[in-house]
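Novice: Can you read through this structure? Questions will come right after.
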Amino acid sequence: MSRKGRFGQYGGQFVPETLMNAVNEVEEAYEKYKNDPEFNRELDDLLKNYAGRPSLLYEAKKMTRDLGGAKIYLKREDLNHTGAHKINNVLGQVLLAKKMGKTRVIAETGAGQHGVATATAAALMDMECEIYMGKEDTDRQALNVYRMELLGAKVHPVTTGTMTLKDAVNETMREWASRMDDTLYVLGSVMGPHPFPTIVRDFQKVIGKEIKEQMLEKEGRLPDAVIACVGGGSNAMGAFYEFIPDQEVQLIGCEAAGLGVDTEKHAATVARGTEGIFHGMKSLFCQNEDGQIAPVYSISAGLDYPGIGPEHAMLAAEGRAQYVPITDEEAVAAFEYLSRMEGIIPAVESAHAVAYARKLAPTMPKDKIIVVNISGRGDKDVAAIARYRGVEIYE
Amino acid sequence: MNKICEAFENKKAFIPFITGGDPSLKVTQELLVAMQEAGADLIEIGIPFSDPIAEGPVIQEADERALRGGCTTDQLFDAVKEVRDQIHVPLVFMTYINAIYTYGRERFMKRCVECGMAGVIVPDMPYEEKGELADVCREYGIELVSLIAPTSEERIQMIAKEAEGFLYCVSSLGVTGVRSEITTNIKEMIDKVREVTDIPCAVGFGISTPQQAKEMAAASDGAIVGSAIVRIIAEHGEECVPYVAEYVKSMKEAVMEA
């Protein structure tokens with residue numbers, strides 16, 4: 001019995017038989033192209049000349065001074081084309097789809113960033129594109145829906161279950177099972193059945209690789225901590241991966257605690273989840289004792305997911321990475337803080353990482369260094385944050 | 001306990017599916033008895049799951065109704081156990097791997113034995129992952145039913161060689177649900193199976209009319225019907241039992257003509 005795609009005891013390939021040849025086809029294609037010089041040349045060219053990589057590693061001097069502890073650097077994934085780290089993975093996967101002879105890509109999206117990135121890459125590479133997005137998310141991220149449509153994608157609001165990200169994943173899997181000949185499911189995070197957690201991590205690890213190079217250039221040493229927000233976990237895995245062997249670098253993932261981990265309104269999978277098998281993978285999930293997946297909550301649509309990628313589950317079990325819960329209130333305060341302090345409006349997802357940096361930095365001496373991954377920009381969140389503060393703005 | 005193979009002895013089998021607890025556990029109990037009386041040869045009971053990714057809208061809604069009604073795995077076990085004395089056809093559970101894994105694999109199989117279950121069908125556990133349950137199923141004598149799909153191709157024989165109970169042949173791409181037409185060449189799939197094993201093969205997904213059931217049973221050893229029955233349950237609610245029984249009877253007659 002093969003145990004493919006395992007991260008410790010986590011991961012695997014729990015999909016209906018109908019999809020097995022489809023996931024095997026993706027795996028074979030990825031194995032064929034991942035070390036192919038021509039594929040990598042094309043991808044590097046897209047990352048550099050289309051997405052705008054490398055992204056900046058910015059020293060946040062005012063924030064550092066204000067917090068009075070460790071020196072803070074921000075990894076500016078928000079400056080990528082389409083405004084988030086999602087483009088890194090999508091360019092890789094859509095290019096792979098093209099090589100596989102596919103003519104259509106489908107994807108789930110939460111906040112809409114992965115959907116926008118997929119629609120963008122599909123437009124660029126002449127692919128048909130359909131995006132599945134929970135109805136609740138199409139409402140709170142209406143601007144991103146229009147953005148995807150502008151890019152030529154068809155957006156399907158998903159009205160089943162809790163009408164959020166997990167339901168969008170369900171619906172995209174169902175769609176893929178009905179049409180895989182010409183279609184690739186471009187998964188947006190380090191989750192799902194093998195080979196997706198590995199493929200997405202490999203396409204996102206450029207973040208940590210650049211952080212390492214930029215840090216060595218600026219400081220001549222590695223950072224003491226790397227902080228990133230975690231929903232499914234793609235920006236965090238991308239930022240962490242290169243540092244996993246460097247035991248002295250603390251890796252910290254920030255989960256969405258919503259209204260608090262002691263309430264039912266949160267999405268803090270490591271803090272409150274238990275082991276399960278869902279969405280193709282064995283990992284940690286917010287669920288009840290019968291294995292019914294919990295209706296999770298976060299102000300951030302991108303972190304509003306009841307599971308976590310299997311490699312994160314392994315890093316948590318091994319203690320190699322730490323996962324901390326951040327509430328809506330802390331995230332919103334950090335959203336406003338970074339806007340005023342550095343003139344950078346972070347995505348409300350990334351604001352969870354900023355919030356933890358605000359707690360951690362003052363506890364560390366001034367000769368320590370923290371890198372915070374700003375996974376996306378916050379323009380998409382402005383109206384929602386205004387509403388949170390009682391100001392009625394409509395997009 | 002009745003073994004799955006009894007359902008196929010000297011006959012083509014008609015296999016109805018219902019979601020446990022939809023619309024209530026009392027109706028589930030009545031349906032088990034009534035469907036048996038109407039000619040069901042084997043009955044599949046779905047354990048409701050919050051996120052059934054292999055199901056179309058009809059069964060998704062049945063799962064939601066059952067969960068909203070408060071159906072838990074324990075209550076479903078209790079309900080089946082209560083009527084088990086009246087049932088002489090084999091029963092199998094159809095559920096997603098998370099329901100079994102989270103309940104506790106050993107504990108789940110122990111309770112299956114108590115309820116006289118013959119097997120389990122786990123649609124999101126493919127051949128490569130069946131190690132998750134194979135040992136514990138064997139230990140408790142619960143047969144683990146495998147599925148093959150129109151996309152399985154060269155995988156069919158690998159799966160069929162190790163299949164237990166019966167082989168569930170998925171007729172169409174996509175999810176469960178009524179279809180006007182089944183285009184897959186079922187006979188070709190079954191011929192591949194027959195090269196390596198004589199295990200009974202039953203066809204499911206998309207079957208709703210007696211004519212379809214007859215055709216599918218003619219090409220195989222039986223027909224499985226879920227969504228069409230669940231739709232009758234959804235329409236008639238607590239009063240659904242006679243309507244379901246009548247439908248099962250007509251489908252069984254069609255299968256016998258095959």
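Chain lettering (A, B, ...) mirrors the order of the structure tokens, residue numbering begins at 1 for each chain separately, and ligand numbering begins at 1 in order of display.
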Compute the set of chain A residues within 8 Å of chain B, using only C-alpha atoms, and express it as a VMD selection string.

Specialist: chain A and resid 1 to 3 12 to 21 161 167 170 to 171 173 to 179 275 to 278 280 289 to 293

Novice: Select from stretch 33-241 of chain B everything DSSP, run on the backbone, classes as alpha helix (DSSP H), then give the selection as a VMD selection string.

Specialist: chain B and resid 33 to 37 57 to 68 73 to 83 97 to 103 105 to 114 134 to 140 156 to 161 186 to 194 210 to 219 227 to 236 241

Novice: Between B:Ala245, B:Met117, B:Leu42, B:Ala34, which one has atoms that come closest to B:Ile224, using only C-alpha atoms?

Specialist: B:Leu42

Novice: Could you name the residues that touch A:Arg53 at 10 Å or less, counting only C-alpha atoms, but leaving out those on the same chain fewer than 2 positions away, as a list in words?

Specialist: Asp44, Asp45, Leu46, Leu47, Lys48, Asn49, Tyr50, Ala51, Ser55, Leu56, Glu77, Leu79, Asn80, His81, Asn88, Val206, Ile207 and Glu210 of chain A

Novice: Calculated over only C-alpha atoms, which of the candidates B:Gly226, B:Gly69, B:Pro210, B:Pro242 has the smallest distance to B:Ile45?

Specialist: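 Of the candidates, the smallest distance to B:Ile45 is held by B:Gly226.
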
Novice: I need the residues of stretch 106-310 of chain A that end up classed as strand (DSSP E) by DSSP on the backbone, written out as a PyMOL selection string.

Specialist: chain A and resi 106-109+128-134+154-158+183-185+225-230+250-258+274-278+280-285

Novice: Just to confirm, what's the straight-line distance from atom CA of A:Gly69 to atom CA of A:Ala333 in Å (one decimal)?

Specialist: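 Atom CA of A:Ala333 lies at a distance of 19.3 Å from atom CA of A:Gly69.
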
Novice: Which is closest to A:Ala294 among A:Ala383, A:Ala268, A:Met314, A:Leu187, if we use only C-alpha atoms?

Specialist: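 Ranking A:Ala383, A:Ala268, A:Met314, A:Leu187 by distance to A:Ala294, first place goes to A:Ala268.
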